[in-house]
There are 2 protein chains.
Amino acid sequence: MTFSEKFHLRIPGPTPIPSRVQQAMNQPIFGHRSQEATQLIQECSQKLKPIFGTGQDPLILTSSGTSALEAAVINTLSPGDEALVIVTGSFGDRFAKIVERYEFTLHRLDIEWGKSCSPEQLRIALQQHPKTKAVFVTYCETSTGVLNPIEELSKVVHTHSEALFVVDGVSCIGAVPCQMDDWGLDVVVTGSQKALMLPPGLSFIAVSRRAWRQIEQNQMPSFYLNLLQYRNSLSQSTTPYTPAISLLLGLKEALCMLEEEGLEQVFQRHELLMSMCRTGVQSMGLTLMASKQDASPTVTSIYGGGAEAWSSEDVRKHLKQLRVLVAGGQQHLKGQIFRIGHMGYCDSLDILTALSALEIALTQAGVPISLGSGVKAAQEVYLHHV
Amino acid sequence: MTFSEKFHLRIPGPTPIPSRVQQAMNQPIFGHRSQEATQLIQECSQKLKPIFGTGQDPLILTSSGTSALEAAVINTLSPGDEALVIVTGSFGDRFAKIVERYEFTLHRLDIEWGKSCSPEQLRIALQQHPKTKAVFVTYCETSTGVLNPIEELSKVVHTHSEALFVVDGVSCIGAVPCQMDDWGLDVVVTGSQKALMLPPGLSFIAVSRRAWRQIEQNQMPSFYLNLLQYRNSLSQSTTPYTPAISLLLGLKEALCMLEEEGLEQVFQRHELLMSMCRTGVQSMGLTLMASKQDASPTVTSIYGGGAEAWSSEDVRKHLKQLRVLVAGGQQHLKGQIFRIGHMGYCDSLDILTALSALEIALTQAGVPISLGSGVKAAQEVYLHHV
């Protein structure tokens with residue numbers, strides 16, 4: 001397969017780029033200190049506000065999501081501070097690794113992979129670690145397809161502690177509701193290559209007033225990831241360092257598309273895609289990793305058949321021959337699960353396409369399924385919905 | 001002016017994007033852990049080697065140039081280390097700011113803006129600061145259009161100290177010779193949006209064996225900018241965090257274009273562009289900031305007429321009406337100079353276009369010049385050269 005051939009990118013990011021966004025990026029470059037750039041940055045930051053559900057101006061960084069996670073850690077914690085990291089999968093684990101790298105005191109709240117963190121689990125952890133300065137959580141845990149109950153967890157944080165509540169929303173913000181201000185989220189981070197329908201290369205951080213006060217007092221040195229610099233620059237509608245201008249052009253277009261569809265409709269579309277995907281694979285007799293209550297509208301994790309039966313990697317290979325690309329499992333889940341991404345520029349027919357290919361791939365892998373059964377079940381979900 | 005209108009971007013970065021590069025980026029996105037991505041990263045790193053003049057594998061970061069400057073500082077210096085920063089303009093000053101932010105001991109070698117640092121000046125500074133662990137220098141100082149004599153300065157560093165020699169090559173690598181290994185440069189940094197003809201969003205770092213040994217011992221915590229992580233990942237032809245894939249597609253195409261032209265020819269072209277630009281503006285009676293010996297082949301700084309005569313900002317405004325965009329002065333040079341960028345996707349006719357517009361703009365600004373005089377002088381340089 002070459003880059004230019006037709007394929008179906010159903011991994012949980014990067015996600016397909018709409019041609020409107022592609023075309024917006026396909027423009028002559030211009031100076032980042034020009035009036036055009038200033039206007040572009042201002043428009044993008046304004047249009048990001050409803051995505052985060054905040055009145056604060058979201059910051060735009062030229063870098064991938066991990067750097068924004070790092071920025072969230074090193075701008076909120078000062079030397080000696082204690083952090084409670086909710087680890088529901090490999091991206092929660094990344095937050096923990098960053099906290100450790102900078103030698104803050106790390107308290108891990110490890111949750112079984114495939115499950116979300118319950119408010120009660122968090123309450124107990126906060127009781128055990130009353131000096132916690134910030135709680136870090138992953139909204140959608142991409143490695144398992146689990147969505148953590150952010151609104152409820154935020155209540156627990158603010159009822160039982162003075163800690164900031166920092167949310168990694170990389171693989172769901174723009175696809176699921178986020179009412180940052182109403183829910184009391186203090187820092188919310190996302191990236192360009194997931195629900196925002198852009199190539200990788202930009203990350204975004206929204207910060208509450210309360211978190212800004214802590215950031216203003218912060219003792220950790222930082223330069224490229226110093227959020228105060230980004231705030232200062234954004235107040236003049238610019239960035240402290242050269243931004244990825246072509247991606248900003250794409251961002252504006254992508255945000256226009258989300259506006260035009262309407263955020264509520266965008267969220268409902270993702271709910272439908274999840275429902276079609278989950279119902280479809282279940283009807284094939286496959287096992288879902290996340291319960292209905294824990295499942296993310298952006299990515300679905302499916303178990304392989306276990307040691308005695310079939311390997312998820314084998315199914316992925318057959319899918320690839322059909323030019324449908326899905327993700328495997330990470331860390332200890334490698335070979336155990338595969339993951340279908342359904343966020344961003346994705347519609348119902350994309351799910352039906354993926355399911356029909358999956359049925360072929362399973363058959364080729366020797367898994368006894370009834371062809372068309374998953375597609376039919378998903379079609380019924382669709383018909384019931386519209 | 002809207003983005004889509006025709007204009008001439010003659011600022012010292014971002015620089016115009018060739019349509020071949022634009023088209024290469026205009027492809028469907030794919031996964032960063034795919035075989036396609038692996039091959040792309042490997043090809044890009046290999047093709048970057050001659051640009052840096054090194055046998056080491058250049059690292060690719062998704063971020064703008066400043067983050068690579070920061071990475072060069074925090075990966076080479078450990079707490080308590082002394083750094084000598086050669087400051088020939090605002091980008092040398094940025095290196096100094098990063099060193100200060102992390103509370104390393106900073107020794108500034110301040111050179112008058114518009115002049116390069118001489119080997120003798122550096123020798124004396126090194127004698128004064130014998131514990132210097134790393135010397136930081138800007139190859140092309142974008143704020144003044146000065147090229148520092150890197151090869152000679154490197155000799156001084158290695159003859160008179162054990163320090164690493166760290167070079168910011170952002171606004172010239174790919175347009176001027178760089179023989180990193182032969183010259184003994186320890187770290188060389190550049191960005192995508194200058195001579196490499198790409199949008200902003202990628203930065204590149206090449207590291208000598210000697211510098212790797214110091215980096216391996218490094219005591220500073222870092223995560224997104226941890227160079228050891230990038231080296232580990234690159235040994236498997238990947239990146240530790242999601243790379244800006246579309247920019248990588250463009251990078252490969254841009255590096256192919258440089259290969260096809262031949263690096264020697266690329267360097268000669270930039271020499272010619274500089275020579276045409278300098279001769280042209282001098283023939284209009286304007287004053288160049290950098291001497292012939294100090295001048296960079298990538299950007300030319302020109303004095304306005306001083307307080308009694310005309311403002312460089314006024315000329316820039318008239319140029320903008322003609323859709324020719326040049327840069328102003330930075331920091332204390334604001335209003336004092338303007339800067340014409342001539343790097344990357346730039347040829348002789350682009351210089352003649354800029355000069356012809358400049359003659360009109362000067363006339364409109366009331367500066368008494370003879371129309372066509374600058375263009376004629378530049379044409380003569382061109383004819384003499386070919």
# chains A, B, ... in the order shown; residues from 1 in each chain; ligands from 1

$ residues_around --residues "A:Ala195" --least-positions-apart "3" --cutoff "7 Å" --atoms "only C-alpha atoms" --output "list in words"
Ser171, Cys172, Ile173, Gly174, Ala175, Met343 and Gly344 of chain A

$ interface_residues --of "chain B" --to "chain A" --cutoff "9 Å" --atoms "only C-alpha atoms" --output "PyMOL selection string"
chain B and resi 1-7+9+11+13-17+22-23+25-32+36+61-67+70+97-98+101-103+198-202+220-225+241-247+325

$ residues_around --residues "B:His384" --least-positions-apart "6" --cutoff "12 Å" --atoms "only C-alpha atoms" --output "JSON, numbers by chain"
{"B": [272, 275, 276, 377, 378]}

$ select_by_dssp --residues "stretch 37-258 of chain B" --states "strand (DSSP E or B)" --output "VMD selection string"
chain B and resid 59 to 63 82 to 87 105 to 110 132 to 138 140 to 141 146 to 147 164 to 168 173 176 187 to 191 202 to 207

$ residues_around --residues "stretch 116-132 of chain A" --least-positions-apart "3" --cutoff "10 Å" --atoms "only C-alpha atoms" --output "MDAnalysis selection string"
chainID A and resid 81:89 105:113 135 137:141 144:157 159:164 290:291 293:295

$ decode --residues "stretch 271-317 of chain B" --atoms "N, CA and C atoms" --output "short mmCIF file (atom, residue, chain, number, x, y, z; two decimals), in the first residue's frame"
data_model
loop_
_atom_site.label_atom_id
_atom_site.label_comp_id
_atom_site.auth_asym_id
_atom_site.auth_seq_id
_atom_site.Cartn_x
_atom_site.Cartn_y
_atom_site.Cartn_z
N GLU B 271 24.36 32.31 -2.09
CA GLU B 271 25.43 33.32 -2.18
C GLU B 271 25.08 34.37 -3.24
N LEU B 272 24.57 33.88 -4.37
CA LEU B 272 24.20 34.79 -5.45
C LEU B 272 23.04 35.69 -5.02
N LEU B 273 22.05 35.10 -4.36
CA LEU B 273 20.89 35.89 -3.91
C LEU B 273 21.34 37.00 -2.96
N MET B 274 22.22 36.63 -2.04
CA MET B 274 22.76 37.63 -1.10
C MET B 274 23.48 38.73 -1.85
N SER B 275 24.32 38.31 -2.80
CA SER B 275 25.14 39.27 -3.52
C SER B 275 24.25 40.22 -4.34
N MET B 276 23.26 39.67 -5.01
CA MET B 276 22.33 40.51 -5.77
C MET B 276 21.59 41.47 -4.86
N CYS B 277 21.14 40.97 -3.73
CA CYS B 277 20.36 41.79 -2.80
C CYS B 277 21.21 42.93 -2.23
N ARG B 278 22.40 42.56 -1.79
CA ARG B 278 23.28 43.57 -1.18
C ARG B 278 23.70 44.63 -2.20
N THR B 279 24.12 44.18 -3.37
CA THR B 279 24.56 45.12 -4.40
C THR B 279 23.40 46.02 -4.81
N GLY B 280 22.22 45.41 -4.94
CA GLY B 280 21.05 46.18 -5.34
C GLY B 280 20.71 47.29 -4.36
N VAL B 281 20.62 46.96 -3.08
CA VAL B 281 20.23 48.00 -2.12
C VAL B 281 21.34 49.04 -1.93
N GLN B 282 22.59 48.60 -2.04
CA GLN B 282 23.68 49.58 -1.95
C GLN B 282 23.63 50.56 -3.12
N SER B 283 23.29 50.04 -4.29
CA SER B 283 23.22 50.91 -5.47
C SER B 283 22.10 51.92 -5.37
N MET B 284 21.12 51.63 -4.51
CA MET B 284 20.06 52.62 -4.27
C MET B 284 20.52 53.67 -3.25
N GLY B 285 21.72 53.49 -2.74
CA GLY B 285 22.23 54.43 -1.75
C GLY B 285 21.90 54.06 -0.32
N LEU B 286 21.36 52.86 -0.13
CA LEU B 286 21.02 52.44 1.24
C LEU B 286 22.23 51.83 1.93
N THR B 287 22.14 51.74 3.25
CA THR B 287 23.26 51.24 4.04
C THR B 287 22.95 49.85 4.57
N LEU B 288 23.86 48.93 4.33
CA LEU B 288 23.71 47.57 4.83
C LEU B 288 24.16 47.50 6.28
N MET B 289 23.53 46.63 7.05
CA MET B 289 23.92 46.51 8.44
C MET B 289 25.20 45.67 8.59
N ALA B 290 25.24 44.54 7.90
CA ALA B 290 26.39 43.64 8.06
C ALA B 290 27.44 43.91 6.98
N SER B 291 28.71 43.77 7.36
CA SER B 291 29.78 43.89 6.37
C SER B 291 29.71 42.70 5.43
N LYS B 292 30.40 42.82 4.31
CA LYS B 292 30.41 41.73 3.32
C LYS B 292 30.87 40.43 3.98
N GLN B 293 31.87 40.54 4.84
CA GLN B 293 32.43 39.35 5.46
C GLN B 293 31.47 38.71 6.46
N ASP B 294 30.68 39.54 7.12
CA ASP B 294 29.77 39.03 8.16
C ASP B 294 28.40 38.64 7.62
N ALA B 295 28.12 38.98 6.37
CA ALA B 295 26.74 38.86 5.88
C ALA B 295 26.30 37.42 5.69
N SER B 296 25.04 37.17 6.04
CA SER B 296 24.46 35.84 5.85
C SER B 296 23.85 35.72 4.46
N PRO B 297 24.03 34.57 3.81
CA PRO B 297 23.40 34.34 2.50
C PRO B 297 21.88 34.17 2.58
N THR B 298 21.31 34.24 3.78
CA THR B 298 19.88 33.95 3.91
C THR B 298 19.01 35.17 4.21
N VAL B 299 19.62 36.23 4.78
CA VAL B 299 18.81 37.40 5.14
C VAL B 299 19.71 38.65 5.14
N THR B 300 19.16 39.75 4.61
CA THR B 300 19.92 40.99 4.53
C THR B 300 19.22 42.09 5.31
N SER B 301 19.97 42.72 6.22
CA SER B 301 19.41 43.82 7.02
C SER B 301 19.86 45.15 6.45
N ILE B 302 18.92 46.06 6.34
CA ILE B 302 19.18 47.35 5.71
C ILE B 302 18.73 48.46 6.65
N TYR B 303 19.59 49.46 6.84
CA TYR B 303 19.24 50.58 7.72
C TYR B 303 18.20 51.47 7.07
N GLY B 304 17.27 51.96 7.89
CA GLY B 304 16.43 53.05 7.46
C GLY B 304 17.30 54.30 7.41
N GLY B 305 16.71 55.44 7.13
CA GLY B 305 17.51 56.64 6.93
C GLY B 305 17.83 57.40 8.20
N GLY B 306 17.59 56.80 9.37
CA GLY B 306 17.87 57.50 10.62
C GLY B 306 16.78 58.50 10.93
N ALA B 307 16.94 59.17 12.06
CA ALA B 307 15.89 60.04 12.60
C ALA B 307 15.53 61.18 11.63
N GLU B 308 16.53 61.73 10.96
CA GLU B 308 16.28 62.93 10.15
C GLU B 308 15.60 62.64 8.80
N ALA B 309 15.63 61.35 8.40
CA ALA B 309 15.19 61.07 7.05
C ALA B 309 13.92 60.21 6.99
N TRP B 310 14.04 58.94 6.83
CA TRP B 310 12.87 58.10 6.58
C TRP B 310 12.88 56.90 7.50
N SER B 311 11.70 56.39 7.74
CA SER B 311 11.55 55.27 8.66
C SER B 311 11.46 53.96 7.88
N SER B 312 12.13 52.95 8.39
CA SER B 312 12.07 51.65 7.72
C SER B 312 10.65 51.09 7.79
N GLU B 313 9.91 51.48 8.84
CA GLU B 313 8.52 51.00 8.96
C GLU B 313 7.65 51.59 7.85
N ASP B 314 7.95 52.83 7.48
CA ASP B 314 7.21 53.50 6.42
C ASP B 314 7.43 52.76 5.09
N VAL B 315 8.68 52.41 4.84
CA VAL B 315 9.01 51.69 3.60
C VAL B 315 8.33 50.32 3.60
N ARG B 316 8.33 49.66 4.76
CA ARG B 316 7.66 48.35 4.85
C ARG B 316 6.18 48.45 4.50
N LYS B 317 5.56 49.56 4.94
CA LYS B 317 4.13 49.74 4.63
C LYS B 317 3.90 49.87 3.13
#
